[in-house]
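Source file: coords02.pdb (PDB, C-alpha atoms and all ligand atoms)
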```pdb
ATOM      1  CA  MET A   1      20.260  21.696 -13.703  1.00  0.00           C
ATOM      2  CA  ASN A   2      20.576  21.235 -17.466  1.00  0.00           C
ATOM      3  CA  GLU A   3      19.593  22.946 -20.704  1.00  0.00           C
ATOM      4  CA  THR A   4      15.893  22.410 -19.969  1.00  0.00           C
ATOM      5  CA  GLY A   5      16.147  24.452 -16.758  1.00  0.00           C
ATOM      6  CA  LEU A   6      14.225  21.678 -15.011  1.00  0.00           C
ATOM      7  CA  LYS A   7      15.433  19.488 -12.189  1.00  0.00           C
ATOM      8  CA  ILE A   8      14.045  16.122 -11.151  1.00  0.00           C
ATOM      9  CA  LYS A   9      12.616  16.092  -7.643  1.00  0.00           C
ATOM     10  CA  ILE A  10      13.517  13.143  -5.465  1.00  0.00           C
ATOM     11  CA  LEU A  11      11.382  11.251  -2.937  1.00  0.00           C
ATOM     12  CA  GLY A  12      11.033  13.475   0.095  1.00  0.00           C
ATOM     13  CA  GLU A  13      10.072  16.631  -1.800  1.00  0.00           C
ATOM     14  CA  PRO A  14       6.484  17.524  -0.790  1.00  0.00           C
ATOM     15  CA  VAL A  15       5.469  18.410  -4.376  1.00  0.00           C
ATOM     16  CA  LEU A  16       5.662  14.705  -5.273  1.00  0.00           C
ATOM     17  CA  ARG A  17       2.854  14.026  -2.778  1.00  0.00           C
ATOM     18  CA  LYS A  18       0.526  16.787  -3.917  1.00  0.00           C
ATOM     19  CA  LYS A  19      -2.408  16.304  -6.234  1.00  0.00           C
ATOM     20  CA  ALA A  20      -1.575  18.117  -9.466  1.00  0.00           C
ATOM     21  CA  LYS A  21      -3.848  20.962 -10.576  1.00  0.00           C
ATOM     22  CA  PRO A  22      -5.764  20.536 -13.824  1.00  0.00           C
ATOM     23  CA  VAL A  23      -4.522  22.744 -16.656  1.00  0.00           C
ATOM     24  CA  LYS A  24      -7.184  25.289 -17.613  1.00  0.00           C
ATOM     25  CA  LYS A  25      -5.761  26.461 -20.892  1.00  0.00           C
ATOM     26  CA  VAL A  26      -3.316  24.742 -23.223  1.00  0.00           C
ATOM     27  CA  ASP A  27      -1.182  27.709 -24.227  1.00  0.00           C
ATOM     28  CA  ASP A  28       2.358  28.335 -25.469  1.00  0.00           C
ATOM     29  CA  GLU A  29       3.770  28.233 -21.979  1.00  0.00           C
ATOM     30  CA  CYS A  30       2.183  24.823 -21.494  1.00  0.00           C
ATOM     31  CA  ARG A  31       3.536  23.565 -24.844  1.00  0.00           C
ATOM     32  CA  GLN A  32       7.008  24.812 -23.968  1.00  0.00           C
ATOM     33  CA  LEU A  33       6.878  23.049 -20.642  1.00  0.00           C
ATOM     34  CA  LEU A  34       5.799  19.775 -22.287  1.00  0.00           C
ATOM     35  CA  SER A  35       8.670  20.056 -24.711  1.00  0.00           C
ATOM     36  CA  ARG A  36      11.196  20.801 -21.933  1.00  0.00           C
ATOM     37  CA  MET A  37       9.834  17.856 -19.953  1.00  0.00           C
ATOM     38  CA  SER A  38      10.276  15.566 -22.986  1.00  0.00           C
ATOM     39  CA  ARG A  39      13.881  16.674 -23.457  1.00  0.00           C
ATOM     40  CA  LEU A  40      14.598  16.061 -19.786  1.00  0.00           C
ATOM     41  CA  MET A  41      12.935  12.627 -19.960  1.00  0.00           C
ATOM     42  CA  TYR A  42      15.126  11.632 -22.924  1.00  0.00           C
ATOM     43  CA  ALA A  43      18.258  13.064 -21.272  1.00  0.00           C
ATOM     44  CA  ALA A  44      17.504  11.052 -18.121  1.00  0.00           C
ATOM     45  CA  LYS A  45      16.769   7.951 -20.237  1.00  0.00           C
ATOM     46  CA  GLY A  46      13.293   7.703 -18.768  1.00  0.00           C
ATOM     47  CA  VAL A  47      10.168   6.455 -20.541  1.00  0.00           C
ATOM     48  CA  GLY A  48       7.845   8.872 -18.785  1.00  0.00           C
ATOM     49  CA  LEU A  49       7.838  12.039 -16.738  1.00  0.00           C
ATOM     50  CA  ALA A  50       5.107  13.916 -14.874  1.00  0.00           C
ATOM     51  CA  ALA A  51       5.157  17.648 -14.059  1.00  0.00           C
ATOM     52  CA  PRO A  52       5.252  17.136 -10.243  1.00  0.00           C
ATOM     53  CA  GLN A  53       8.580  15.350 -10.817  1.00  0.00           C
ATOM     54  CA  VAL A  54      10.049  18.672 -11.928  1.00  0.00           C
ATOM     55  CA  GLY A  55       8.422  20.534  -9.072  1.00  0.00           C
ATOM     56  CA  LEU A  56       5.325  21.741 -10.918  1.00  0.00           C
ATOM     57  CA  SER A  57       1.989  20.685  -9.527  1.00  0.00           C
ATOM     58  CA  ARG A  58       0.203  20.638 -12.862  1.00  0.00           C
ATOM     59  CA  SER A  59      -1.598  17.878 -14.708  1.00  0.00           C
ATOM     60  CA  LEU A  60       0.936  17.259 -17.482  1.00  0.00           C
ATOM     61  CA  ILE A  61       2.801  14.091 -18.452  1.00  0.00           C
ATOM     62  CA  VAL A  62       5.108  12.968 -21.237  1.00  0.00           C
ATOM     63  CA  VAL A  63       5.567   9.335 -22.210  1.00  0.00           C
ATOM     64  CA  ASP A  64       7.685   7.556 -24.801  1.00  0.00           C
ATOM     65  CA  ILE A  65       8.331   3.837 -24.529  1.00  0.00           C
ATOM     66  CA  GLY A  66      10.114   3.862 -27.876  1.00  0.00           C
ATOM     67  CA  SER A  67       7.052   3.933 -30.080  1.00  0.00           C
ATOM     68  CA  GLY A  68       6.411   7.656 -30.164  1.00  0.00           C
ATOM     69  CA  LEU A  69       6.100  10.607 -27.842  1.00  0.00           C
ATOM     70  CA  TYR A  70       2.871  11.439 -26.046  1.00  0.00           C
ATOM     71  CA  LYS A  71       2.506  14.884 -24.504  1.00  0.00           C
ATOM     72  CA  LEU A  72      -0.663  14.773 -22.438  1.00  0.00           C
ATOM     73  CA  VAL A  73      -2.615  17.453 -20.623  1.00  0.00           C
ATOM     74  CA  ASN A  74      -5.110  16.509 -17.874  1.00  0.00           C
ATOM     75  CA  PRO A  75      -4.870  12.752 -18.587  1.00  0.00           C
ATOM     76  CA  LYS A  76      -7.538  10.562 -16.969  1.00  0.00           C
ATOM     77  CA  ILE A  77      -7.931   6.799 -16.928  1.00  0.00           C
ATOM     78  CA  VAL A  78     -11.491   6.073 -17.992  1.00  0.00           C
ATOM     79  CA  LYS A  79     -11.286   2.311 -18.401  1.00  0.00           C
ATOM     80  CA  LYS A  80      -9.134  -0.482 -16.985  1.00  0.00           C
ATOM     81  CA  GLU A  81      -8.931  -4.142 -17.931  1.00  0.00           C
ATOM     82  CA  GLY A  82      -6.976  -7.190 -16.857  1.00  0.00           C
ATOM     83  CA  SER A  83      -3.894  -7.241 -14.717  1.00  0.00           C
ATOM     84  CA  GLN A  84      -0.117  -7.365 -15.082  1.00  0.00           C
ATOM     85  CA  LYS A  85       2.830  -7.069 -12.742  1.00  0.00           C
ATOM     86  CA  LEU A  86       5.944  -5.364 -14.054  1.00  0.00           C
ATOM     87  CA  GLU A  87       9.087  -4.208 -12.294  1.00  0.00           C
ATOM     88  CA  GLU A  88       9.134  -0.426 -12.257  1.00  0.00           C
ATOM     89  CA  GLY A  89      11.701   2.205 -11.500  1.00  0.00           C
ATOM     90  CA  CYS A  90      11.138   5.933 -11.113  1.00  0.00           C
ATOM     91  CA  LEU A  91      13.373   8.923 -11.826  1.00  0.00           C
ATOM     92  CA  SER A  92      12.209  10.357  -8.497  1.00  0.00           C
ATOM     93  CA  VAL A  93      13.125   7.216  -6.552  1.00  0.00           C
ATOM     94  CA  PRO A  94      16.587   6.427  -7.913  1.00  0.00           C
ATOM     95  CA  GLY A  95      17.981   2.934  -7.537  1.00  0.00           C
ATOM     96  CA  VAL A  96      14.701   1.410  -6.394  1.00  0.00           C
ATOM     97  CA  TYR A  97      12.735  -1.146  -8.407  1.00  0.00           C
ATOM     98  CA  ILE A  98       9.394  -2.478  -7.304  1.00  0.00           C
ATOM     99  CA  LYS A  99       7.013  -4.932  -8.896  1.00  0.00           C
ATOM    100  CA  VAL A 100       3.700  -3.175  -9.245  1.00  0.00           C
ATOM    101  CA  ARG A 101       0.396  -4.784 -10.119  1.00  0.00           C
ATOM    102  CA  ARG A 102      -1.576  -2.667 -12.532  1.00  0.00           C
ATOM    103  CA  ALA A 103      -4.226  -2.987 -15.207  1.00  0.00           C
ATOM    104  CA  LYS A 104      -3.021  -4.649 -18.417  1.00  0.00           C
ATOM    105  CA  LYS A 105      -5.077  -2.355 -20.614  1.00  0.00           C
ATOM    106  CA  VAL A 106      -6.203   1.185 -20.048  1.00  0.00           C
ATOM    107  CA  ARG A 107      -8.109   3.826 -21.927  1.00  0.00           C
ATOM    108  CA  VAL A 108      -6.828   7.316 -21.233  1.00  0.00           C
ATOM    109  CA  ASN A 109      -8.613  10.532 -22.151  1.00  0.00           C
ATOM    110  CA  ALA A 110      -6.499  13.676 -22.314  1.00  0.00           C
ATOM    111  CA  LEU A 111      -5.906  16.848 -24.261  1.00  0.00           C
ATOM    112  CA  ASP A 112      -3.021  17.000 -26.691  1.00  0.00           C
ATOM    113  CA  GLU A 113      -0.646  19.938 -26.863  1.00  0.00           C
ATOM    114  CA  ASP A 114      -3.049  21.783 -29.132  1.00  0.00           C
ATOM    115  CA  GLY A 115      -5.864  21.384 -26.645  1.00  0.00           C
ATOM    116  CA  ARG A 116      -7.703  18.738 -28.667  1.00  0.00           C
ATOM    117  CA  GLN A 117      -9.421  15.767 -27.044  1.00  0.00           C
ATOM    118  CA  LEU A 118      -7.448  12.555 -27.364  1.00  0.00           C
ATOM    119  CA  THR A 119      -8.227   8.954 -26.467  1.00  0.00           C
ATOM    120  CA  ILE A 120      -5.448   6.401 -26.106  1.00  0.00           C
ATOM    121  CA  ASP A 121      -6.089   2.690 -25.829  1.00  0.00           C
ATOM    122  CA  ALA A 122      -2.911   1.221 -24.411  1.00  0.00           C
ATOM    123  CA  GLY A 123      -1.770  -2.231 -23.363  1.00  0.00           C
ATOM    124  CA  ASP A 124       1.216  -3.837 -21.645  1.00  0.00           C
ATOM    125  CA  LEU A 125       4.203  -1.516 -21.065  1.00  0.00           C
ATOM    126  CA  LEU A 126       2.499   1.602 -22.410  1.00  0.00           C
ATOM    127  CA  ALA A 127      -0.486   0.950 -20.138  1.00  0.00           C
ATOM    128  CA  CYS A 128       1.891   0.497 -17.219  1.00  0.00           C
ATOM    129  CA  VAL A 129       3.802   3.717 -17.891  1.00  0.00           C
ATOM    130  CA  LEU A 130       0.610   5.748 -18.337  1.00  0.00           C
ATOM    131  CA  GLN A 131      -0.698   4.444 -15.002  1.00  0.00           C
ATOM    132  CA  HIS A 132       2.652   5.212 -13.326  1.00  0.00           C
ATOM    133  CA  GLU A 133       2.677   8.800 -14.624  1.00  0.00           C
ATOM    134  CA  ILE A 134      -0.975   9.411 -13.784  1.00  0.00           C
ATOM    135  CA  ASP A 135      -0.195   8.125 -10.272  1.00  0.00           C
ATOM    136  CA  HIS A 136       2.347  10.966 -10.022  1.00  0.00           C
ATOM    137  CA  LEU A 137      -0.461  13.441 -10.720  1.00  0.00           C
ATOM    138  CA  ASN A 138      -2.282  11.999  -7.722  1.00  0.00           C
ATOM    139  CA  GLY A 139       0.756  12.154  -5.451  1.00  0.00           C
ATOM    140  CA  LYS A 140       1.317   8.424  -5.594  1.00  0.00           C
ATOM    141  CA  LEU A 141       4.751   6.783  -5.935  1.00  0.00           C
ATOM    142  CA  ILE A 142       5.983   3.237  -6.541  1.00  0.00           C
ATOM    143  CA  VAL A 143       7.106   2.951  -2.911  1.00  0.00           C
ATOM    144  CA  ASP A 144       3.427   3.000  -1.967  1.00  0.00           C
ATOM    145  CA  TYR A 145       3.043  -0.382  -3.664  1.00  0.00           C
ATOM    146  CA  ALA A 146       5.878  -1.961  -1.693  1.00  0.00           C
ATOM    147  CA  SER A 147       5.141  -4.744   0.764  1.00  0.00           C
ATOM    148  CA  LEU A 148       5.977  -4.329   4.467  1.00  0.00           C
ATOM    149  CA  LEU A 149       9.262  -6.197   4.019  1.00  0.00           C
ATOM    150  CA  GLN A 150      10.155  -4.197   0.946  1.00  0.00           C
ATOM    151  CA  LYS A 151       9.457  -0.959   2.809  1.00  0.00           C
ATOM    152  CA  LEU A 152      11.771  -2.003   5.625  1.00  0.00           C
ATOM    153  CA  ALA A 153      14.489  -2.895   3.116  1.00  0.00           C
ATOM    154  CA  LEU A 154      13.928   0.406   1.309  1.00  0.00           C
ATOM    155  CA  ARG A 155      14.327   2.437   4.493  1.00  0.00           C
ATOM    156  CA  LYS A 156      17.635   0.720   5.076  1.00  0.00           C
ATOM    157  CA  LYS A 157      18.725   1.243   1.509  1.00  0.00           C
ATOM    158  CA  LEU A 158      17.811   4.925   1.424  1.00  0.00           C
ATOM    159  CA  LYS A 159      19.489   5.431   4.778  1.00  0.00           C
ATOM    160  CA  SER A 160      22.672   3.831   3.523  1.00  0.00           C
ATOM    161  CA  HIS A 161      22.553   6.257   0.610  1.00  0.00           C
ATOM    162  CA  LYS A 162      22.563   8.985   3.268  1.00  0.00           C
ATOM    163  CA  ASN A 163      19.467  10.356   1.640  1.00  0.00           C
ATOM    164  CA  LYS A 164      18.197  11.870   4.835  1.00  0.00           C
ATOM    165  CA  VAL A 165      15.176  13.650   3.436  1.00  0.00           C
ATOM    166  CA  ALA A 166      14.021  10.571   1.597  1.00  0.00           C
ATOM    167  CA  ASP A 167      14.400   8.479   4.707  1.00  0.00           C
ATOM    168  CA  GLU A 168      12.298  10.878   6.716  1.00  0.00           C
ATOM    169  CA  ARG A 169       9.559  10.970   4.152  1.00  0.00           C
ATOM    170  CA  LEU A 170       9.348   7.307   3.326  1.00  0.00           C
ATOM    171  CA  PRO A 171       6.058   6.089   4.735  1.00  0.00           C
ATOM    172  CA  GLU A 172       6.276   4.057   7.896  1.00  0.00           C
ATOM    173  CA  PRO A 173       5.448   0.454   7.155  1.00  0.00           C
ATOM    174  CA  GLU A 174       2.088  -0.328   8.629  1.00  0.00           C
ATOM    175  CA  ALA A 175       2.752  -3.320  10.784  1.00  0.00           C
ATOM    176  CA  LYS A 176      -0.358  -5.306  11.517  1.00  0.00           C
ATOM    177  CA  PHE A 177       0.939  -7.893  13.958  1.00  0.00           C
ATOM    178  CA  PRO A 178      -1.671  -9.743  15.945  1.00  0.00           C
ATOM    179  CA  LYS A 179      -1.920  -8.479  19.517  1.00  0.00           C
ATOM    180  CA  LEU A 180      -0.949 -11.279  21.862  1.00  0.00           C
TER
HETATM  181 ZN    ZN B   1       7.939   7.932 -11.614  1.00  0.00          ZN
END
```

Could you rewrite the structure in this file as structure tokens?
Amino acid sequence: MNETGLKIKILGEPVLRKKAKPVKKVDDECRQLLSRMSRLMYAAKGVGLAAPQVGLSRSLIVVDIGSGLYKLVNPKIVKKEGSQKLEEGCLSVPGVYIKVRRAKKVRVNALDEDGRQLTIDAGDLLACVLQHEIDHLNGKLIVDYASLLQKLALRKKLKSHKNKVADERLPEPEAKFPKL
């Protein structure tokens, strides 16, 4: 716990797998939460944070890749273009880095903290981070993009960290060996 009163949830916590609920009204409570989430993101040296990562199943994300802070309510990807593969980490999956293929450009519609409609056209890293955070709102994590071999290695790694919960919750690799 820290001055924000929020704590980052780690792989294994069910809230990370739930679909976040859309925010009906952008009010003071919502603005306060966005601002606490931003402070926690900066304190954790992250470039993005989604509400489910602090245990709240609500459609809110904050993103700052160094070019300004976005506080977004109900963000939705409405357009995708091209492809890129960047190595990603996640505050909820500490110590794990996975190359994830995503769109190179995205258009995101959202509400800002005053409840006004906002459209962001993002490319490269910003596009990647927005897609990563919006994945969180859909219960999706970077481990879901891992290959079979990576998943096996991850299970080992998380086990060696004695992270029992995480180990239990990590999806079983789907082996598709030919039947002989
Ligand atoms: Zn993440």

**Request:** Find the residues near ligand ZN 1 (chain B). Use a cut-off of 7 Å, count all atoms listed in the file, and write them as JSON, numbers by chain.
**Result:** {"A": [49, 89, 90, 91, 92, 132, 133, 136, 141]}

So that I have them on file, write out the residues from the current selection with C-alpha atoms, as a short mmCIF file (atom, residue, chain, number, x, y, z; two decimals), keeping the file's coordinate frame.
```
data_model
loop_
_atom_site.label_atom_id
_atom_site.label_comp_id
_atom_site.auth_asym_id
_atom_site.auth_seq_id
_atom_site.Cartn_x
_atom_site.Cartn_y
_atom_site.Cartn_z
CA LEU A 49 7.84 12.04 -16.74
CA GLY A 89 11.70 2.20 -11.50
CA CYS A 90 11.14 5.93 -11.11
CA LEU A 91 13.37 8.92 -11.83
CA SER A 92 12.21 10.36 -8.50
CA HIS A 132 2.65 5.21 -13.33
CA GLU A 133 2.68 8.80 -14.62
CA HIS A 136 2.35 10.97 -10.02
CA LEU A 141 4.75 6.78 -5.94
#
```

**Item:** Evaluate the PyMOL selection byres (((chain A and resi 52) around 8) and not hetatm) and report residues as a ChimeraX atom specification
**Value:** /A:9,15-16,18,20,50-51,53-58,136-137

**Prompt:** When distances are computed from all atoms listed in the file, which of A:Ser59, A:Asn109, A:Gln84, A:Ser147 shows the smallest separation from Val23 (chain A)?
**Reply:** A:Ser59

**Item:** Among listed residues A:Leu40, A:Val96, A:Val106, A:Cys128, nearest Lys156 (chain A) (using all atoms listed in the file)
**Value:**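 Closest residue, counting all atoms listed in the file: A:Val96.
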
**Asked** Separation of CA of Glu113 (chain A) and CA of Asp27 (chain A), in Å?
**Response**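 Atom-to-atom, CA of Glu113 (chain A) to CA of Asp27 (chain A), that is 8.2 Å.
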
**Request:** Would you mind telling me which residue in A:Leu126, A:Ala44, A:Leu34, A:Val93 lies nearest to Ser67 (chain A) when using all atoms listed in the file?
**Result:**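 Going through A:Leu126, A:Ala44, A:Leu34, A:Val93 one by one, the smallest distance to Ser67 (chain A) is for A:Leu126.
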
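Interatomic distance, CA of Ala43 (chain A) against CA of Lys151 (chain A): 29.2 Å.
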
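CA of Val129 (chain A) to CA of Gly46 (chain A) spans 10.3 Å [interatomic distance, one decimal].
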
**Request:** Excluding Gly48 (chain A) and any residue of its chain fewer than 3 positions from it, enumerate the residues within 8 Å of it, using only C-alpha atoms, and give them as a list in words.
**Result:**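 So, after excluding close chain neighbours, the residues are Met41, Ile61, Val62, Val63, Asp64, Ile65, Val129, Leu130 and Glu133 of chain A.
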
**Prompt:** Can you list, as a PyMOL selection string, every protein, DNA or RNA residue that comes within 12 Å of Gln32 (chain A) when you count only C-alpha atoms, leaving out same-chain residues fewer than 4 positions away?
**Reply:** chain A and resi 4-6+26-28+36-39+60+71+113-114

**Request:** Taking the point (-5.3, 15.4, -20.6) as given in the file, collect each protein or nucleic acid residue that comes within 6 Å of it, counting all atoms listed in the file, and present the set as a VMD selection string.
**Result:** chain A and resid 72 to 75 110 to 111

First collect every listed atom of region 16-27 of chain A; then fit an axis-aligned box around them, widen it by 3 Å on each side, and give centre and edge lengths in Å to one decimal, as lines of an AutoDock Vina configuration file.
```
center_x = -0.8
center_y = 20.9
center_z = -13.5
size_x = 18.8
size_y = 19.7
size_z = 27.4
```

**Message:** For a quick check of understanding, using all atoms listed in the file, which of A:Gly115, A:Gly95, A:Gly12, A:Gly68 has the smallest distance to Arg31 (chain A)?
**Reply:**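 Between A:Gly115, A:Gly95, A:Gly12, A:Gly68, the residue approaching Arg31 (chain A) most closely is A:Gly115.
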
Point (-6.4, 7.4, -24.0) neighbourhood (7 Å, all atoms listed in the file) written as a PDB file with C-alpha atoms, keeping the file's coordinate frame:
```pdb
ATOM      1  CA  ARG A 107      -8.109   3.826 -21.927  1.00  0.00           C
ATOM      2  CA  VAL A 108      -6.828   7.316 -21.233  1.00  0.00           C
ATOM      3  CA  ASN A 109      -8.613  10.532 -22.151  1.00  0.00           C
ATOM      4  CA  ALA A 110      -6.499  13.676 -22.314  1.00  0.00           C
ATOM      5  CA  LEU A 118      -7.448  12.555 -27.364  1.00  0.00           C
ATOM      6  CA  THR A 119      -8.227   8.954 -26.467  1.00  0.00           C
ATOM      7  CA  ILE A 120      -5.448   6.401 -26.106  1.00  0.00           C
ATOM      8  CA  ASP A 121      -6.089   2.690 -25.829  1.00  0.00           C
TER       9      ASP A 121
END
```

**Prompt:** Between A:Leu11, A:Lys24, A:Glu88, A:Lys80, which has the minimum distance to Arg155 (chain A) (counting only C-alpha atoms)?
**Reply:** A:Leu11

Reconstruct N, CA and C atoms of region 133-159 of chain A from the incomplete input and present them as a PDB file, in the frame of the given file.
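The resulting file, selection_34.pdb, is shown below:
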```pdb
ATOM      1  N   GLU A 133       2.615   7.331 -14.526  1.00  0.00           N
ATOM      2  CA  GLU A 133       2.677   8.800 -14.624  1.00  0.00           C
ATOM      3  C   GLU A 133       1.416   9.455 -14.070  1.00  0.00           C
ATOM      4  N   ILE A 134       0.267   8.841 -14.311  1.00  0.00           N
ATOM      5  CA  ILE A 134      -0.975   9.411 -13.784  1.00  0.00           C
ATOM      6  C   ILE A 134      -1.000   9.283 -12.256  1.00  0.00           C
ATOM      7  N   ASP A 135      -0.379   8.237 -11.726  1.00  0.00           N
ATOM      8  CA  ASP A 135      -0.195   8.125 -10.272  1.00  0.00           C
ATOM      9  C   ASP A 135       0.535   9.355  -9.737  1.00  0.00           C
ATOM     10  N   HIS A 136       1.587   9.780 -10.455  1.00  0.00           N
ATOM     11  CA  HIS A 136       2.347  10.966 -10.022  1.00  0.00           C
ATOM     12  C   HIS A 136       1.433  12.176  -9.874  1.00  0.00           C
ATOM     13  N   LEU A 137       0.445  12.287 -10.767  1.00  0.00           N
ATOM     14  CA  LEU A 137      -0.461  13.441 -10.720  1.00  0.00           C
ATOM     15  C   LEU A 137      -1.369  13.374  -9.502  1.00  0.00           C
ATOM     16  N   ASN A 138      -1.473  12.173  -8.933  1.00  0.00           N
ATOM     17  CA  ASN A 138      -2.282  11.999  -7.722  1.00  0.00           C
ATOM     18  C   ASN A 138      -1.416  11.881  -6.468  1.00  0.00           C
ATOM     19  N   GLY A 139      -0.142  12.187  -6.608  1.00  0.00           N
ATOM     20  CA  GLY A 139       0.756  12.154  -5.451  1.00  0.00           C
ATOM     21  C   GLY A 139       1.168  10.762  -5.025  1.00  0.00           C
ATOM     22  N   LYS A 140       1.014   9.813  -5.939  1.00  0.00           N
ATOM     23  CA  LYS A 140       1.317   8.424  -5.594  1.00  0.00           C
ATOM     24  C   LYS A 140       2.637   7.976  -6.225  1.00  0.00           C
ATOM     25  N   LEU A 141       3.432   7.223  -5.465  1.00  0.00           N
ATOM     26  CA  LEU A 141       4.751   6.783  -5.935  1.00  0.00           C
ATOM     27  C   LEU A 141       4.878   5.263  -5.832  1.00  0.00           C
ATOM     28  N   ILE A 142       5.862   4.707  -6.542  1.00  0.00           N
ATOM     29  CA  ILE A 142       5.983   3.237  -6.541  1.00  0.00           C
ATOM     30  C   ILE A 142       6.231   2.670  -5.144  1.00  0.00           C
ATOM     31  N   VAL A 143       6.856   3.468  -4.265  1.00  0.00           N
ATOM     32  CA  VAL A 143       7.106   2.951  -2.911  1.00  0.00           C
ATOM     33  C   VAL A 143       5.799   2.627  -2.183  1.00  0.00           C
ATOM     34  N   ASP A 144       4.721   3.261  -2.608  1.00  0.00           N
ATOM     35  CA  ASP A 144       3.427   3.000  -1.967  1.00  0.00           C
ATOM     36  C   ASP A 144       2.914   1.591  -2.261  1.00  0.00           C
ATOM     37  N   TYR A 145       3.474   0.971  -3.294  1.00  0.00           N
ATOM     38  CA  TYR A 145       3.043  -0.382  -3.664  1.00  0.00           C
ATOM     39  C   TYR A 145       3.924  -1.450  -3.001  1.00  0.00           C
ATOM     40  N   ALA A 146       4.955  -1.000  -2.286  1.00  0.00           N
ATOM     41  CA  ALA A 146       5.878  -1.961  -1.693  1.00  0.00           C
ATOM     42  C   ALA A 146       5.223  -2.719  -0.545  1.00  0.00           C
ATOM     43  N   SER A 147       5.641  -3.956  -0.362  1.00  0.00           N
ATOM     44  CA  SER A 147       5.141  -4.744   0.764  1.00  0.00           C
ATOM     45  C   SER A 147       5.850  -4.261   2.033  1.00  0.00           C
ATOM     46  N   LEU A 148       5.372  -4.717   3.184  1.00  0.00           N
ATOM     47  CA  LEU A 148       5.977  -4.329   4.467  1.00  0.00           C
ATOM     48  C   LEU A 148       7.482  -4.623   4.461  1.00  0.00           C
ATOM     49  N   LEU A 149       7.844  -5.821   4.022  1.00  0.00           N
ATOM     50  CA  LEU A 149       9.262  -6.197   4.019  1.00  0.00           C
ATOM     51  C   LEU A 149      10.063  -5.321   3.077  1.00  0.00           C
ATOM     52  N   GLN A 150       9.468  -5.061   1.911  1.00  0.00           N
ATOM     53  CA  GLN A 150      10.155  -4.197   0.946  1.00  0.00           C
ATOM     54  C   GLN A 150      10.354  -2.797   1.506  1.00  0.00           C
ATOM     55  N   LYS A 151       9.348  -2.296   2.233  1.00  0.00           N
ATOM     56  CA  LYS A 151       9.457  -0.959   2.809  1.00  0.00           C
ATOM     57  C   LYS A 151      10.585  -0.899   3.831  1.00  0.00           C
ATOM     58  N   LEU A 152      10.695  -1.960   4.633  1.00  0.00           N
ATOM     59  CA  LEU A 152      11.771  -2.003   5.625  1.00  0.00           C
ATOM     60  C   LEU A 152      13.120  -1.996   4.924  1.00  0.00           C
ATOM     61  N   ALA A 153      13.235  -2.813   3.866  1.00  0.00           N
ATOM     62  CA  ALA A 153      14.489  -2.895   3.116  1.00  0.00           C
ATOM     63  C   ALA A 153      14.806  -1.549   2.464  1.00  0.00           C
ATOM     64  N   LEU A 154      13.749  -0.885   1.972  1.00  0.00           N
ATOM     65  CA  LEU A 154      13.928   0.406   1.309  1.00  0.00           C
ATOM     66  C   LEU A 154      14.438   1.461   2.276  1.00  0.00           C
ATOM     67  N   ARG A 155      13.883   1.452   3.494  1.00  0.00           N
ATOM     68  CA  ARG A 155      14.327   2.437   4.493  1.00  0.00           C
ATOM     69  C   ARG A 155      15.813   2.274   4.755  1.00  0.00           C
ATOM     70  N   LYS A 156      16.227   1.027   4.851  1.00  0.00           N
ATOM     71  CA  LYS A 156      17.635   0.720   5.076  1.00  0.00           C
ATOM     72  C   LYS A 156      18.472   1.235   3.915  1.00  0.00           C
ATOM     73  N   LYS A 157      17.992   0.893   2.718  1.00  0.00           N
ATOM     74  CA  LYS A 157      18.725   1.243   1.509  1.00  0.00           C
ATOM     75  C   LYS A 157      18.878   2.762   1.377  1.00  0.00           C
ATOM     76  N   LEU A 158      17.778   3.476   1.573  1.00  0.00           N
ATOM     77  CA  LEU A 158      17.811   4.925   1.424  1.00  0.00           C
ATOM     78  C   LEU A 158      18.674   5.554   2.516  1.00  0.00           C
ATOM     79  N   LYS A 159      18.671   4.953   3.679  1.00  0.00           N
ATOM     80  CA  LYS A 159      19.489   5.431   4.778  1.00  0.00           C
ATOM     81  C   LYS A 159      20.965   5.266   4.419  1.00  0.00           C
TER      82      LYS A 159
END
```
